[in-house]
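Have a look at the structure below, then the notes.
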Amino acid sequence: MSQPQPYAATPASRFRLRPSRVLRTIREGKVARVLKLNTSDAKVAEIFAAAQPDAIWVCMEHTSATWEQIENQIRAAKLYDVDTLLRVSRGSYSDYIRGYEMDAAGLIVPHVMNADDARRVRDITKFAPVGKRAVDGGNNDAQFTRVGFLDYLESANRERFACYQIEDPEALEHLEAIAEMDGVDCLFFGPGDYSVATGIPGQIQHPDVKAVRKRIAEVARKHGKIAATVVSRELIGEYVDMGYNLLSVGADVIALATYADESMAAFDRALG
């Protein structure tokens, strides 16, 4: 077997893989800001991206979005130099890397349960020598073969990241082992599913949930990893003080539902 060839940071082509805005923000010591979308319309993605978050969060775990719709949302966000985070389905390796190849900057992987599970995710999402990700190079992220091959491998490992969702009590005993693993970029606490799994559904400010939230941030930052979760507007400062440096606030469906309900309530007030 031939000796491994080091990846080249200097490209043979003038085309480069788009750098991640989220990672740039975090590397500068700042907090990355995320807006979540449950709808699959590229116009909504563009409206949200124009507000200048660091990323929009789109989803294939809980929504009916198609790959084509997700691709158009990613494209809309890039118009404003905004990353896209794609929450994937826990399926084949294609369900992971397809999002990267459409030029999502980050993946959110739900329900990571233990170190073996995390290692499988790492191997799918990182190129060798870190992982075992399959390579194509002919898609959106590599600008359809225009990015130099070795530069593509190196920059993808450096500028693309995966968030490992910790949302089950079983995962907590493996938290240190997951966080210390080379190639694991981010621990993402999911308080909703955690509250359901522990018999306190919806009580995301319950002392037990708060304790786990604090612990995940501490473990992530101790190992030099991104600490991510969801937050309400009024608690942003508290979560930042806790150590979180990637925070998702709100969602399009909340905004739309609130607007619709308030508009109908205005009729009720006016008409008695």
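Numbering starts fresh at 1 for the residues of each chain in the structure tokens, the chains themselves are lettered A, B, ... in the order given, and ligands are numbered from 1 as they appear.
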For the structure I just gave you, how does DSSP split stretch 1-83 of chain A - specifically, which residues are strand (DSSP E)? Reply as a ChimeraX atom specification. /A:32-36,55-59,83
Write out the residues from the selection above, keeping C-alpha atoms, as a short mmCIF file (atom, residue, chain, number, x, y, z; two decimals), in the first residue's frame.
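See out21.cif below for the written result:
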data_model
loop_
_atom_site.label_atom_id
_atom_site.label_comp_id
_atom_site.auth_asym_id
_atom_site.auth_seq_id
_atom_site.Cartn_x
_atom_site.Cartn_y
_atom_site.Cartn_z
CA ALA A 32 -23.09 31.73 16.37
CA ARG A 33 -26.76 32.67 15.90
CA VAL A 34 -29.24 30.34 14.21
CA LEU A 35 -32.84 30.65 13.00
CA LYS A 36 -34.86 27.47 12.53
CA ALA A 55 -27.01 29.95 9.89
CA ILE A 56 -30.50 28.78 9.14
CA TRP A 57 -31.52 25.35 10.40
CA VAL A 58 -33.53 23.16 8.04
CA CYS A 59 -34.74 19.65 8.73
CA ASP A 83 -24.67 28.83 6.46
#
Name the residues in contact with stretch 140-145 of chain A at a cut-off of 9 Å, using only C-alpha atoms, excluding same-chain residues fewer than 2 positions from it; report them as a VMD selection string. chain A and resid 15 to 18 100 to 104 136 to 138 147 to 149 152 156
Those same residues, written as a short mmCIF file (atom, residue, chain, number, x, y, z; two decimals), in the first residue's frame with C-alpha atoms?
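Everything below was put into again_30.cif:
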data_model
loop_
_atom_site.label_atom_id
_atom_site.label_comp_id
_atom_site.auth_asym_id
_atom_site.auth_seq_id
_atom_site.Cartn_x
_atom_site.Cartn_y
_atom_site.Cartn_z
CA PHE A 15 -12.19 27.78 -6.90
CA ARG A 16 -12.56 27.11 -3.20
CA LEU A 17 -15.09 25.36 -0.99
CA ARG A 18 -17.17 28.05 0.71
CA TYR A 100 -22.76 18.41 2.62
CA GLU A 101 -22.58 17.91 -1.13
CA MET A 102 -25.52 20.32 -1.59
CA ASP A 103 -23.30 22.76 0.37
CA ALA A 104 -24.84 22.69 3.81
CA ASP A 136 -17.48 12.56 -5.11
CA GLY A 137 -16.42 16.16 -5.78
CA GLY A 138 -18.88 16.76 -8.59
CA VAL A 147 -12.34 22.79 -6.51
CA GLY A 148 -9.01 20.97 -6.55
CA PHE A 149 -9.42 17.42 -5.29
CA TYR A 152 -11.57 19.77 -1.35
CA ALA A 156 -14.19 19.96 3.84
#
For A:Pro53: contacts at 12 Å, only C-alpha atoms, fewer than 4 positions along chain excluded, given as a VMD selection string: chain A and resid 21 to 22 25 31 to 36 45 to 49 57 77 to 78 80 to 85 246 to 250
Of the candidates A:Met113, A:Ala211, A:Ala162, A:Ala51, which one gets nearest to A:Gly99 if we count only C-alpha atoms? A:Ala162
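Of the listed residues (A:Ile70, A:Ala128, A:Ala171, A:Ala105), A:Ala105 comes nearest to A:Arg24; the distances count only C-alpha atoms.
Excluding A:Glu238 itself and any same-chain residue fewer than 5 positions from it, the protein and nucleic acid residues within 12 Å of it, counting only C-alpha atoms, are A:Lys210, A:Arg213, A:Lys214, A:Val231, A:Ser232, A:Arg233, A:Gly243, A:Tyr244, A:Asn245, A:Leu247.
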Preceding selection exported with N, CA, C and O atoms as a compact mmCIF listing (two decimals), in the first residue's frame:
# COMPACT_ATOMS: atom_id res chain seq x y z
N LYS A 210 -32.15 21.39 33.35
CA LYS A 210 -31.17 22.47 33.47
C LYS A 210 -29.81 21.93 33.86
O LYS A 210 -28.77 22.40 33.36
N ARG A 213 -28.31 20.35 30.77
CA ARG A 213 -27.92 21.43 29.84
C ARG A 213 -26.56 22.02 30.25
O ARG A 213 -25.67 22.22 29.41
N LYS A 214 -26.40 22.29 31.52
CA LYS A 214 -25.15 22.86 32.02
C LYS A 214 -23.99 21.88 31.84
O LYS A 214 -22.89 22.26 31.41
N VAL A 231 -32.78 27.96 22.38
CA VAL A 231 -32.94 28.93 23.46
C VAL A 231 -34.09 29.86 23.15
O VAL A 231 -34.39 30.14 21.98
N SER A 232 -34.76 30.35 24.19
CA SER A 232 -35.75 31.41 24.01
C SER A 232 -35.03 32.75 24.07
O SER A 232 -33.93 32.87 24.63
N ARG A 233 -35.66 33.79 23.54
CA ARG A 233 -34.99 35.08 23.45
C ARG A 233 -34.53 35.60 24.81
O ARG A 233 -33.42 36.13 24.94
N GLY A 243 -21.83 28.72 28.66
CA GLY A 243 -20.80 28.18 27.77
C GLY A 243 -21.26 27.85 26.38
O GLY A 243 -20.45 27.43 25.53
N TYR A 244 -22.53 28.03 26.09
CA TYR A 244 -23.02 27.72 24.75
C TYR A 244 -22.55 28.77 23.75
O TYR A 244 -22.66 29.98 24.00
N ASN A 245 -22.02 28.30 22.62
CA ASN A 245 -21.54 29.22 21.59
C ASN A 245 -22.17 28.97 20.22
O ASN A 245 -21.72 29.50 19.21
N LEU A 247 -26.35 28.91 19.23
CA LEU A 247 -27.70 28.94 19.79
C LEU A 247 -28.73 29.18 18.69
O LEU A 247 -28.57 30.08 17.86
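Going from atom CA of A:Arg215 over to atom CA of A:Gly183, you cover 20.6 Å.
Of the residues under consideration (A:Arg90, A:Pro191, A:Pro110, A:Asp123), A:Pro191 shows the shortest atom-to-atom contact distance to A:Gln203 when counting only C-alpha atoms.
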